[in-house]
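File shown: final_36.pdb. Contents: PDB, C-alpha atoms.
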ATOM      1  CA  MET A   1     140.990  -4.451   0.939  1.00  0.00           C
ATOM      2  CA  ILE A   2     144.511  -3.533   2.040  1.00  0.00           C
ATOM      3  CA  ALA A   3     143.787   0.115   1.254  1.00  0.00           C
ATOM      4  CA  MET A   4     140.625  -0.011   3.369  1.00  0.00           C
ATOM      5  CA  LEU A   5     142.598  -1.397   6.308  1.00  0.00           C
ATOM      6  CA  TYR A   6     145.278   1.277   5.958  1.00  0.00           C
ATOM      7  CA  THR A   7     142.740   4.089   6.079  1.00  0.00           C
ATOM      8  CA  LYS A   8     141.794   3.035   9.606  1.00  0.00           C
ATOM      9  CA  LYS A   9     145.253   3.989  10.853  1.00  0.00           C
ATOM     10  CA  SER A  10     145.559   7.272  12.698  1.00  0.00           C
ATOM     11  CA  PRO A  11     147.808  10.095  11.453  1.00  0.00           C
ATOM     12  CA  ASP A  12     151.388   9.875  12.683  1.00  0.00           C
ATOM     13  CA  GLU A  13     154.583  11.924  12.534  1.00  0.00           C
ATOM     14  CA  PHE A  14     155.296  10.721   8.993  1.00  0.00           C
ATOM     15  CA  TYR A  15     151.771  10.940   7.546  1.00  0.00           C
ATOM     16  CA  THR A  16     150.239  13.892   9.326  1.00  0.00           C
ATOM     17  CA  TYR A  17     147.102  13.826   7.169  1.00  0.00           C
ATOM     18  CA  GLY A  18     146.574  10.113   7.745  1.00  0.00           C
ATOM     19  CA  TYR A  19     146.240   7.317   5.198  1.00  0.00           C
ATOM     20  CA  LYS A  20     142.987   8.258   3.480  1.00  0.00           C
ATOM     21  CA  ARG A  21     144.730   8.651   0.133  1.00  0.00           C
ATOM     22  CA  MET A  22     145.464   4.926   0.088  1.00  0.00           C
ATOM     23  CA  GLU A  23     141.915   4.351  -1.142  1.00  0.00           C
ATOM     24  CA  ILE A  24     142.399   6.927  -3.895  1.00  0.00           C
ATOM     25  CA  LEU A  25     145.627   5.202  -4.914  1.00  0.00           C
ATOM     26  CA  ALA A  26     143.800   1.862  -4.949  1.00  0.00           C
ATOM     27  CA  ALA A  27     141.063   3.346  -7.139  1.00  0.00           C
ATOM     28  CA  LEU A  28     143.656   4.784  -9.535  1.00  0.00           C
ATOM     29  CA  THR A  29     145.392   1.394  -9.724  1.00  0.00           C
ATOM     30  CA  ASN A  30     142.075  -0.230 -10.571  1.00  0.00           C
ATOM     31  CA  ALA A  31     141.414   2.399 -13.225  1.00  0.00           C
ATOM     32  CA  LEU A  32     144.843   1.846 -14.787  1.00  0.00           C
ATOM     33  CA  PHE A  33     144.234  -1.902 -14.854  1.00  0.00           C
ATOM     34  CA  LEU A  34     140.918  -1.382 -16.648  1.00  0.00           C
ATOM     35  CA  LEU A  35     142.513   0.982 -19.160  1.00  0.00           C
ATOM     36  CA  PHE A  36     145.124  -1.692 -19.839  1.00  0.00           C
ATOM     37  CA  LEU A  37     142.292  -4.213 -20.257  1.00  0.00           C
ATOM     38  CA  SER A  38     140.649  -1.895 -22.776  1.00  0.00           C
ATOM     39  CA  PHE A  39     143.911  -1.589 -24.707  1.00  0.00           C
ATOM     40  CA  SER A  40     144.491  -5.362 -24.685  1.00  0.00           C
ATOM     41  CA  LEU A  41     140.952  -5.978 -25.959  1.00  0.00           C
ATOM     42  CA  ALA A  42     141.542  -3.509 -28.783  1.00  0.00           C
ATOM     43  CA  VAL A  43     144.754  -5.345 -29.710  1.00  0.00           C
ATOM     44  CA  GLU A  44     142.896  -8.658 -29.557  1.00  0.00           C
ATOM     45  CA  ALA A  45     140.204  -7.261 -31.854  1.00  0.00           C
ATOM     46  CA  LEU A  46     142.856  -6.137 -34.334  1.00  0.00           C
ATOM     47  CA  HIS A  47     144.505  -9.546 -34.132  1.00  0.00           C
ATOM     48  CA  ALA A  48     141.178 -11.253 -34.866  1.00  0.00           C
ATOM     49  CA  PHE A  49     140.666  -8.973 -37.860  1.00  0.00           C
ATOM     50  CA  VAL A  50     143.998  -9.698 -39.559  1.00  0.00           C
ATOM     51  CA  GLN A  51     143.854 -13.470 -39.211  1.00  0.00           C
ATOM     52  CA  ASP A  52     141.398 -16.209 -40.123  1.00  0.00           C
ATOM     53  CA  GLU A  53     138.471 -15.787 -37.762  1.00  0.00           C
ATOM     54  CA  SER A  54     137.249 -19.304 -38.353  1.00  0.00           C
ATOM     55  CA  GLU A  55     139.804 -20.496 -35.820  1.00  0.00           C
ATOM     56  CA  HIS A  56     138.052 -18.520 -33.120  1.00  0.00           C
ATOM     57  CA  LYS A  57     134.462 -19.686 -33.472  1.00  0.00           C
ATOM     58  CA  HIS A  58     134.417 -21.930 -30.433  1.00  0.00           C
ATOM     59  CA  TYR A  59     133.864 -20.012 -27.218  1.00  0.00           C
ATOM     60  CA  LEU A  60     133.509 -21.387 -23.757  1.00  0.00           C
ATOM     61  CA  ILE A  61     129.873 -20.318 -23.548  1.00  0.00           C
ATOM     62  CA  VAL A  62     129.207 -22.000 -20.215  1.00  0.00           C
ATOM     63  CA  SER A  63     132.204 -20.264 -18.655  1.00  0.00           C
ATOM     64  CA  ALA A  64     131.254 -16.896 -20.154  1.00  0.00           C
ATOM     65  CA  VAL A  65     127.626 -17.166 -19.018  1.00  0.00           C
ATOM     66  CA  THR A  66     128.666 -18.246 -15.514  1.00  0.00           C
ATOM     67  CA  ASN A  67     131.147 -15.389 -15.306  1.00  0.00           C
ATOM     68  CA  LEU A  68     128.487 -12.937 -16.463  1.00  0.00           C
ATOM     69  CA  LEU A  69     125.977 -14.120 -13.858  1.00  0.00           C
ATOM     70  CA  VAL A  70     128.539 -13.893 -11.058  1.00  0.00           C
ATOM     71  CA  ASN A  71     129.570 -10.415 -12.156  1.00  0.00           C
ATOM     72  CA  LEU A  72     125.960  -9.252 -12.385  1.00  0.00           C
ATOM     73  CA  LEU A  73     125.594 -10.345  -8.770  1.00  0.00           C
ATOM     74  CA  GLY A  74     128.599  -8.160  -7.957  1.00  0.00           C
ATOM     75  CA  VAL A  75     127.041  -5.255  -9.854  1.00  0.00           C
ATOM     76  CA  TRP A  76     123.897  -5.658  -7.759  1.00  0.00           C
ATOM     77  CA  PHE A  77     125.964  -5.756  -4.556  1.00  0.00           C
ATOM     78  CA  PHE A  78     127.607  -2.419  -5.439  1.00  0.00           C
ATOM     79  CA  ARG A  79     124.392  -1.005  -6.927  1.00  0.00           C
ATOM     80  CA  SER A  80     124.659   2.206  -4.889  1.00  0.00           C
ATOM     81  CA  TYR A  81     127.708   3.031  -7.036  1.00  0.00           C
ATOM     82  CA  ALA A  82     126.035   1.890 -10.257  1.00  0.00           C
ATOM     83  CA  ARG A  83     126.727   5.067 -12.192  1.00  0.00           C
ATOM     84  CA  ILE A  84     129.514   6.003 -14.552  1.00  0.00           C
ATOM     85  CA  ARG A  85     129.854   9.492 -13.078  1.00  0.00           C
ATOM     86  CA  ILE A  86     129.176  10.058  -9.404  1.00  0.00           C
ATOM     87  CA  THR A  87     129.947  12.809  -6.932  1.00  0.00           C
ATOM     88  CA  TYR A  88     132.690  11.593  -4.641  1.00  0.00           C
ATOM     89  CA  ARG A  89     132.146  12.806  -1.084  1.00  0.00           C
ATOM     90  CA  LYS A  90     134.905  10.767   0.547  1.00  0.00           C
ATOM     91  CA  ALA A  91     137.866   8.606  -0.402  1.00  0.00           C
ATOM     92  CA  GLU A  92     136.072   5.304   0.045  1.00  0.00           C
ATOM     93  CA  ASP A  93     133.516   6.373  -2.585  1.00  0.00           C
ATOM     94  CA  MET A  94     136.297   6.270  -5.177  1.00  0.00           C
ATOM     95  CA  ASN A  95     137.498   2.870  -4.014  1.00  0.00           C
ATOM     96  CA  TYR A  96     134.030   1.301  -4.034  1.00  0.00           C
ATOM     97  CA  HIS A  97     133.235   2.889  -7.381  1.00  0.00           C
ATOM     98  CA  SER A  98     136.433   1.445  -8.856  1.00  0.00           C
ATOM     99  CA  ILE A  99     135.402  -2.011  -7.622  1.00  0.00           C
ATOM    100  CA  PHE A 100     131.992  -1.564  -9.230  1.00  0.00           C
ATOM    101  CA  LEU A 101     133.568  -0.507 -12.529  1.00  0.00           C
ATOM    102  CA  HIS A 102     135.924  -3.483 -12.390  1.00  0.00           C
ATOM    103  CA  VAL A 103     132.992  -5.872 -12.018  1.00  0.00           C
ATOM    104  CA  LEU A 104     131.022  -3.985 -14.674  1.00  0.00           C
ATOM    105  CA  ALA A 105     133.912  -4.145 -17.148  1.00  0.00           C
ATOM    106  CA  ASP A 106     134.243  -7.884 -16.614  1.00  0.00           C
ATOM    107  CA  SER A 107     130.490  -8.232 -17.177  1.00  0.00           C
ATOM    108  CA  ILE A 108     130.714  -6.268 -20.423  1.00  0.00           C
ATOM    109  CA  ARG A 109     133.584  -8.462 -21.577  1.00  0.00           C
ATOM    110  CA  SER A 110     131.639 -11.664 -20.843  1.00  0.00           C
ATOM    111  CA  ALA A 111     128.571 -10.291 -22.611  1.00  0.00           C
ATOM    112  CA  GLY A 112     130.745  -9.386 -25.600  1.00  0.00           C
ATOM    113  CA  LEU A 113     132.107 -12.928 -25.825  1.00  0.00           C
ATOM    114  CA  ILE A 114     128.605 -14.394 -25.684  1.00  0.00           C
ATOM    115  CA  LEU A 115     127.360 -11.982 -28.343  1.00  0.00           C
ATOM    116  CA  ALA A 116     130.332 -12.704 -30.600  1.00  0.00           C
ATOM    117  CA  SER A 117     129.748 -16.441 -30.322  1.00  0.00           C
ATOM    118  CA  TRP A 118     126.072 -16.044 -31.180  1.00  0.00           C
ATOM    119  CA  LEU A 119     126.811 -13.814 -34.175  1.00  0.00           C
ATOM    120  CA  LEU A 120     129.389 -16.279 -35.466  1.00  0.00           C
ATOM    121  CA  THR A 121     126.810 -19.063 -35.389  1.00  0.00           C
ATOM    122  CA  LEU A 122     124.619 -16.824 -37.563  1.00  0.00           C
ATOM    123  CA  GLY A 123     127.454 -16.454 -40.041  1.00  0.00           C
ATOM    124  CA  VAL A 124     128.188 -12.786 -39.335  1.00  0.00           C
ATOM    125  CA  LYS A 125     131.645 -11.924 -40.622  1.00  0.00           C
ATOM    126  CA  ASN A 126     134.150 -10.236 -38.314  1.00  0.00           C
ATOM    127  CA  ALA A 127     131.790 -10.733 -35.367  1.00  0.00           C
ATOM    128  CA  GLU A 128     134.675 -11.272 -32.967  1.00  0.00           C
ATOM    129  CA  THR A 129     136.437  -8.125 -34.119  1.00  0.00           C
ATOM    130  CA  LEU A 130     133.245  -6.094 -33.848  1.00  0.00           C
ATOM    131  CA  CYS A 131     132.336  -7.303 -30.357  1.00  0.00           C
ATOM    132  CA  LEU A 132     135.845  -7.034 -28.936  1.00  0.00           C
ATOM    133  CA  GLY A 133     136.179  -3.538 -30.376  1.00  0.00           C
ATOM    134  CA  LEU A 134     132.869  -2.442 -28.859  1.00  0.00           C
ATOM    135  CA  VAL A 135     133.821  -3.928 -25.491  1.00  0.00           C
ATOM    136  CA  ALA A 136     137.198  -2.148 -25.579  1.00  0.00           C
ATOM    137  CA  ILE A 137     135.501   1.190 -26.298  1.00  0.00           C
ATOM    138  CA  ALA A 138     132.848   0.613 -23.615  1.00  0.00           C
ATOM    139  CA  VAL A 139     135.424  -0.234 -20.935  1.00  0.00           C
ATOM    140  CA  PHE A 140     137.506   2.805 -21.884  1.00  0.00           C
ATOM    141  CA  LEU A 141     134.511   5.143 -21.668  1.00  0.00           C
ATOM    142  CA  VAL A 142     133.250   3.884 -18.310  1.00  0.00           C
ATOM    143  CA  VAL A 143     136.637   4.060 -16.594  1.00  0.00           C
ATOM    144  CA  MET A 144     137.960   7.403 -17.878  1.00  0.00           C
ATOM    145  CA  PRO A 145     135.923   9.602 -15.463  1.00  0.00           C
ATOM    146  CA  LEU A 146     137.315   7.653 -12.503  1.00  0.00           C
ATOM    147  CA  PHE A 147     140.854   7.829 -13.881  1.00  0.00           C
ATOM    148  CA  LYS A 148     140.623  11.603 -14.325  1.00  0.00           C
ATOM    149  CA  ALA A 149     139.160  12.119 -10.841  1.00  0.00           C
ATOM    150  CA  THR A 150     141.732  10.005  -8.996  1.00  0.00           C
ATOM    151  CA  ALA A 151     144.686  11.300 -11.007  1.00  0.00           C
ATOM    152  CA  GLY A 152     143.501  14.872 -10.472  1.00  0.00           C
ATOM    153  CA  ILE A 153     143.548  14.459  -6.697  1.00  0.00           C
ATOM    154  CA  LEU A 154     146.910  12.692  -6.561  1.00  0.00           C
ATOM    155  CA  LEU A 155     148.434  15.318  -8.879  1.00  0.00           C
ATOM    156  CA  GLN A 156     146.970  17.982  -6.573  1.00  0.00           C
ATOM    157  CA  MET A 157     145.011  19.809  -9.227  1.00  0.00           C
ATOM    158  CA  THR A 158     142.671  22.638  -8.308  1.00  0.00           C
ATOM    159  CA  PRO A 159     139.460  20.990  -7.042  1.00  0.00           C
ATOM    160  CA  GLY A 160     136.795  20.695  -9.702  1.00  0.00           C
ATOM    161  CA  THR A 161     134.166  21.328  -7.037  1.00  0.00           C
ATOM    162  CA  MET A 162     135.573  24.802  -6.471  1.00  0.00           C
ATOM    163  CA  SER A 163     135.416  27.176  -9.415  1.00  0.00           C
ATOM    164  CA  SER A 164     138.422  29.305 -10.278  1.00  0.00           C
ATOM    165  CA  SER A 165     136.217  32.409 -10.225  1.00  0.00           C
ATOM    166  CA  ILE A 166     135.519  31.915  -6.506  1.00  0.00           C
ATOM    167  CA  LEU A 167     139.204  31.424  -5.718  1.00  0.00           C
ATOM    168  CA  ASN A 168     140.162  34.467  -7.795  1.00  0.00           C
ATOM    169  CA  LYS A 169     137.528  36.528  -5.998  1.00  0.00           C
ATOM    170  CA  CYS A 170     139.022  35.551  -2.631  1.00  0.00           C
ATOM    171  CA  LEU A 171     142.484  36.439  -3.884  1.00  0.00           C
ATOM    172  CA  ARG A 172     141.262  39.859  -5.038  1.00  0.00           C
ATOM    173  CA  GLN A 173     139.727  40.483  -1.616  1.00  0.00           C
ATOM    174  CA  ILE A 174     143.061  39.778   0.039  1.00  0.00           C
ATOM    175  CA  LYS A 175     144.977  41.870  -2.478  1.00  0.00           C
ATOM    176  CA  SER A 176     142.706  44.831  -1.751  1.00  0.00           C
ATOM    177  CA  LEU A 177     143.600  44.800   1.953  1.00  0.00           C
ATOM    178  CA  GLU A 178     145.799  47.563   3.281  1.00  0.00           C
ATOM    179  CA  GLY A 179     149.476  46.674   3.258  1.00  0.00           C
ATOM    180  CA  VAL A 180     149.161  43.632   0.968  1.00  0.00           C
ATOM    181  CA  LEU A 181     151.514  43.679  -2.014  1.00  0.00           C
ATOM    182  CA  GLU A 182     151.292  40.299  -3.735  1.00  0.00           C
ATOM    183  CA  PRO A 183     149.318  37.205  -2.622  1.00  0.00           C
ATOM    184  CA  ARG A 184     149.995  33.796  -4.216  1.00  0.00           C
ATOM    185  CA  SER A 185     147.892  30.738  -3.494  1.00  0.00           C
ATOM    186  CA  ARG A 186     147.341  27.114  -4.434  1.00  0.00           C
ATOM    187  CA  PHE A 187     144.557  24.732  -3.450  1.00  0.00           C
ATOM    188  CA  TRP A 188     144.007  21.016  -3.850  1.00  0.00           C
ATOM    189  CA  GLU A 189     141.942  18.161  -2.475  1.00  0.00           C
ATOM    190  CA  MET A 190     143.632  15.922   0.040  1.00  0.00           C
ATOM    191  CA  VAL A 191     140.687  13.543  -0.370  1.00  0.00           C
ATOM    192  CA  PRO A 192     137.252  14.181  -1.898  1.00  0.00           C
ATOM    193  CA  GLY A 193     135.433  16.787   0.149  1.00  0.00           C
ATOM    194  CA  PHE A 194     138.535  17.950   2.026  1.00  0.00           C
ATOM    195  CA  VAL A 195     140.198  20.943   0.368  1.00  0.00           C
ATOM    196  CA  VAL A 196     143.482  22.255   1.709  1.00  0.00           C
ATOM    197  CA  GLY A 197     145.515  25.201   0.579  1.00  0.00           C
ATOM    198  CA  SER A 198     148.490  27.421   1.113  1.00  0.00           C
ATOM    199  CA  ILE A 199     148.865  31.123   0.501  1.00  0.00           C
ATOM    200  CA  THR A 200     151.930  33.339   0.589  1.00  0.00           C
ATOM    201  CA  VAL A 201     151.330  37.047   1.100  1.00  0.00           C
ATOM    202  CA  GLN A 202     153.934  39.739   0.628  1.00  0.00           C
ATOM    203  CA  VAL A 203     153.123  42.740   2.805  1.00  0.00           C
ATOM    204  CA  LYS A 204     154.562  46.147   3.525  1.00  0.00           C
ATOM    205  CA  ALA A 205     156.681  46.598   6.614  1.00  0.00           C
ATOM    206  CA  GLY A 206     154.615  47.483   9.662  1.00  0.00           C
ATOM    207  CA  THR A 207     151.459  45.683   8.523  1.00  0.00           C
ATOM    208  CA  ASN A 208     149.370  44.200  11.329  1.00  0.00           C
ATOM    209  CA  GLU A 209     150.054  40.518  10.617  1.00  0.00           C
ATOM    210  CA  GLN A 210     147.665  39.062  13.195  1.00  0.00           C
ATOM    211  CA  LYS A 211     144.769  41.089  11.866  1.00  0.00           C
ATOM    212  CA  LEU A 212     145.680  40.093   8.313  1.00  0.00           C
ATOM    213  CA  LEU A 213     145.892  36.397   9.233  1.00  0.00           C
ATOM    214  CA  LYS A 214     142.480  36.512  10.851  1.00  0.00           C
ATOM    215  CA  HIS A 215     140.958  38.174   7.799  1.00  0.00           C
ATOM    216  CA  ILE A 216     142.530  35.688   5.349  1.00  0.00           C
ATOM    217  CA  HIS A 217     141.267  32.681   7.300  1.00  0.00           C
ATOM    218  CA  SER A 218     137.826  34.271   7.486  1.00  0.00           C
ATOM    219  CA  VAL A 219     137.697  34.767   3.702  1.00  0.00           C
ATOM    220  CA  TYR A 220     138.537  31.145   2.937  1.00  0.00           C
ATOM    221  CA  ASN A 221     136.466  29.688   5.763  1.00  0.00           C
ATOM    222  CA  ASP A 222     133.438  31.253   4.112  1.00  0.00           C
ATOM    223  CA  ILE A 223     133.947  29.058   1.024  1.00  0.00           C
ATOM    224  CA  GLY A 224     134.590  25.892   3.035  1.00  0.00           C
ATOM    225  CA  ILE A 225     138.393  25.782   3.203  1.00  0.00           C
ATOM    226  CA  LYS A 226     139.240  25.002   6.814  1.00  0.00           C
ATOM    227  CA  ASP A 227     142.805  23.752   6.399  1.00  0.00           C
ATOM    228  CA  LEU A 228     144.827  26.731   5.204  1.00  0.00           C
ATOM    229  CA  THR A 229     148.512  27.503   5.659  1.00  0.00           C
ATOM    230  CA  VAL A 230     149.329  31.202   5.465  1.00  0.00           C
ATOM    231  CA  GLN A 231     152.855  32.562   5.126  1.00  0.00           C
ATOM    232  CA  ILE A 232     153.375  36.293   5.470  1.00  0.00           C
ATOM    233  CA  ASP A 233     156.545  37.797   3.999  1.00  0.00           C
ATOM    234  CA  PRO A 234     157.157  41.360   5.189  1.00  0.00           C
ATOM    235  CA  GLN A 235     159.066  43.515   2.721  1.00  0.00           C
ATOM    236  CA  PRO A 236     161.871  45.712   4.090  1.00  0.00           C
TER     237      PRO A 236
END
Please re-express this file's structure in structure tokens.
Amino acid sequence: MIAMLYTKKSPDEFYTYGYKRMEILAALTNALFLLFLSFSLAVEALHAFVQDESEHKHYLIVSAVTNLLVNLLGVWFFRSYARIRITYRKAEDMNYHSIFLHVLADSIRSAGLILASWLLTLGVKNAETLCLGLVAIAVFLVVMPLFKATAGILLQMTPGTMSSSILNKCLRQIKSLEGVLEPRSRFWEMVPGFVVGSITVQVKAGTNEQKLLKHIHSVYNDIGIKDLTVQIDPQP
């Protein structure tokens, strides 16, 4: 909720791109929490395996069922994000999806506890270990796509929505221009759907820089990159 409030703030002299990445940071934090939950469940499953499981046959079924029903209501509320992999079009998509996954993971955990309790009443050996292990794996699998997506943006990786072949083609077009010696570029997503980039171009002395700038912006505008910083370094 705090991240959502921050994103409403306008860009200022310190954060010239605004605060949209707060929602991505919130989503990453949620993903890290769920990965930690997965790890702790795996440790709990191992602990149940190495000790006498008979001490763990009594579950708070009423609490688990109530928790599951409440979480299923939350899953329904965020049903528009009820997919493991979705295409993020804006920062808030990541935040809402992380909330959905958080509720889903809690639902899976409650369902695992209920299943383990039922299997134990049937006399199934190592039921707790089995169910906790399956829940740990399930939580890990559902949260990893979100973790990779949020971490990729915050680490400023090349956008997955933009193939390297397209970027290389643009770079070759610039390199083929008269007077261009060596172009170097990097591109990343500020938030989902908003790609920014910078390009440094070494040129021969006497090259028409204004004409070159116009051509470079035109090349990258054609593939949807509107925010581009171009630095031209004339060689003596």
Apply the PyMOL selection byres ((chain A and resi 30) around 10) to the file shown and report the selected residues as a VMD selection string. chain A and resid 24 to 29 31 to 36 95 97 to 99 101 to 102 143 146 to 147
With C-alpha atoms retained, export the selected residues as a PDB file, in the coordinates of the input.
ATOM      1  CA  ILE A  24     142.399   6.927  -3.895  1.00  0.00           C
ATOM      2  CA  LEU A  25     145.627   5.202  -4.914  1.00  0.00           C
ATOM      3  CA  ALA A  26     143.800   1.862  -4.949  1.00  0.00           C
ATOM      4  CA  ALA A  27     141.063   3.346  -7.139  1.00  0.00           C
ATOM      5  CA  LEU A  28     143.656   4.784  -9.535  1.00  0.00           C
ATOM      6  CA  THR A  29     145.392   1.394  -9.724  1.00  0.00           C
ATOM      7  CA  ALA A  31     141.414   2.399 -13.225  1.00  0.00           C
ATOM      8  CA  LEU A  32     144.843   1.846 -14.787  1.00  0.00           C
ATOM      9  CA  PHE A  33     144.234  -1.902 -14.854  1.00  0.00           C
ATOM     10  CA  LEU A  34     140.918  -1.382 -16.648  1.00  0.00           C
ATOM     11  CA  LEU A  35     142.513   0.982 -19.160  1.00  0.00           C
ATOM     12  CA  PHE A  36     145.124  -1.692 -19.839  1.00  0.00           C
ATOM     13  CA  ASN A  95     137.498   2.870  -4.014  1.00  0.00           C
ATOM     14  CA  HIS A  97     133.235   2.889  -7.381  1.00  0.00           C
ATOM     15  CA  SER A  98     136.433   1.445  -8.856  1.00  0.00           C
ATOM     16  CA  ILE A  99     135.402  -2.011  -7.622  1.00  0.00           C
ATOM     17  CA  LEU A 101     133.568  -0.507 -12.529  1.00  0.00           C
ATOM     18  CA  HIS A 102     135.924  -3.483 -12.390  1.00  0.00           C
ATOM     19  CA  VAL A 143     136.637   4.060 -16.594  1.00  0.00           C
ATOM     20  CA  LEU A 146     137.315   7.653 -12.503  1.00  0.00           C
ATOM     21  CA  PHE A 147     140.854   7.829 -13.881  1.00  0.00           C
TER      22      PHE A 147
END
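With all atoms listed in the file as the atoms that count, the residue of A:Ser38, A:Thr87, A:Ser80, A:Ser165 with the shortest distance to A:Pro145 is A:Thr87.
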Neighbour list for A:Lys214 as a PyMOL selection string, cut-off 12 Å, all atoms listed in the file, skip fewer than 5 positions in-chain: chain A and resi 174+208-209+219-221+228+230
Written as a list in words, what is the full residue list that the PyMOL selection byres ((chain A and resi 192) around 8) yields on the file shown?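 Checked against the file, the PyMOL selection byres ((chain A and resi 192) around 8) matches Tyr88, Arg89, Lys90, Ala91, Ile153, Glu189, Met190, Val191, Gly193, Phe194 and Val195 of chain A.
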Can you work out which one of A:Lys20, A:Phe14, A:Leu167, A:Ser185 has the shortest atom-to-atom distance to A:Leu154, counting only C-alpha atoms? A:Lys20
Any chance you could work out the residue set of the PyMOL selection byres ((chain A and resi 103) around 12) here, as JSON, numbers by chain? {"A": [30, 31, 34, 67, 68, 69, 70, 71, 72, 73, 74, 75, 76, 77, 78, 79, 81, 82, 96, 97, 98, 99, 100, 101, 102, 104, 105, 106, 107, 108, 109, 110, 139, 142, 143]}
One decimal, Å: what's the distance from atom CA of A:Trp118 over to atom CA of A:Ala48, could you say?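 So the answer is 16.3 Å.
With distances restricted to all atoms listed in the file, A:Ile216 is the closest residue to A:Gln173 from A:Ile216, A:Ala64, A:Leu130, A:Leu115.
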Which of A:Pro159, A:Trp188, A:Pro183, A:Leu41 sits closest to A:Cys131 [using all atoms listed in the file]: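 Result for the nearest residue to A:Cys131: A:Leu41.
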Have a look at atom CA of A:Ala205 and atom CA of A:Pro236 and let me know their distance in Å, one decimal.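 Atom-to-atom, atom CA of A:Ala205 and atom CA of A:Pro236 are spaced 5.8 Å apart.
Nearest to A:Ala111 of all the residues A:Gly179, A:Thr158, A:Val124, A:Ala138 is A:Ala138, counting only C-alpha atoms.
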Nearest to A:Phe39 among A:Thr229, A:Gly197, A:Phe140, A:Asn168, with distances taken over all atoms listed in the file: which residue is it? A:Phe140
Write out as lines of an AutoDock Vina configuration file an axis-aligned box for stretch 140-144 of chain A: all of its atoms listed in the file, 8 Å added on each side, centre and edge lengths in Å with one decimal.
center_x = 135.6
center_y = 5.1
center_z = -19.2
size_x = 20.7
size_y = 20.6
size_z = 21.3
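Taking atom CA of A:Glu23 and atom CA of A:Arg186 as endpoints, the distance between them is 23.6 Å.
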Got a sec to check which residues sit within 10 Å of (155.3, 37.4, 4.1), counting only C-alpha atoms, and write them as a PDB file with C-alpha atoms, in the coordinates of the input?
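That gives us point38.pdb:
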ATOM      1  CA  VAL A 180     149.161  43.632   0.968  1.00  0.00           C
ATOM      2  CA  LEU A 181     151.514  43.679  -2.014  1.00  0.00           C
ATOM      3  CA  GLU A 182     151.292  40.299  -3.735  1.00  0.00           C
ATOM      4  CA  PRO A 183     149.318  37.205  -2.622  1.00  0.00           C
ATOM      5  CA  ILE A 199     148.865  31.123   0.501  1.00  0.00           C
ATOM      6  CA  THR A 200     151.930  33.339   0.589  1.00  0.00           C
ATOM      7  CA  VAL A 201     151.330  37.047   1.100  1.00  0.00           C
ATOM      8  CA  GLN A 202     153.934  39.739   0.628  1.00  0.00           C
ATOM      9  CA  VAL A 203     153.123  42.740   2.805  1.00  0.00           C
ATOM     10  CA  LYS A 204     154.562  46.147   3.525  1.00  0.00           C
ATOM     11  CA  ALA A 205     156.681  46.598   6.614  1.00  0.00           C
ATOM     12  CA  GLU A 209     150.054  40.518  10.617  1.00  0.00           C
ATOM     13  CA  VAL A 230     149.329  31.202   5.465  1.00  0.00           C
ATOM     14  CA  GLN A 231     152.855  32.562   5.126  1.00  0.00           C
ATOM     15  CA  ILE A 232     153.375  36.293   5.470  1.00  0.00           C
ATOM     16  CA  ASP A 233     156.545  37.797   3.999  1.00  0.00           C
ATOM     17  CA  PRO A 234     157.157  41.360   5.189  1.00  0.00           C
ATOM     18  CA  GLN A 235     159.066  43.515   2.721  1.00  0.00           C
TER      19      GLN A 235
END
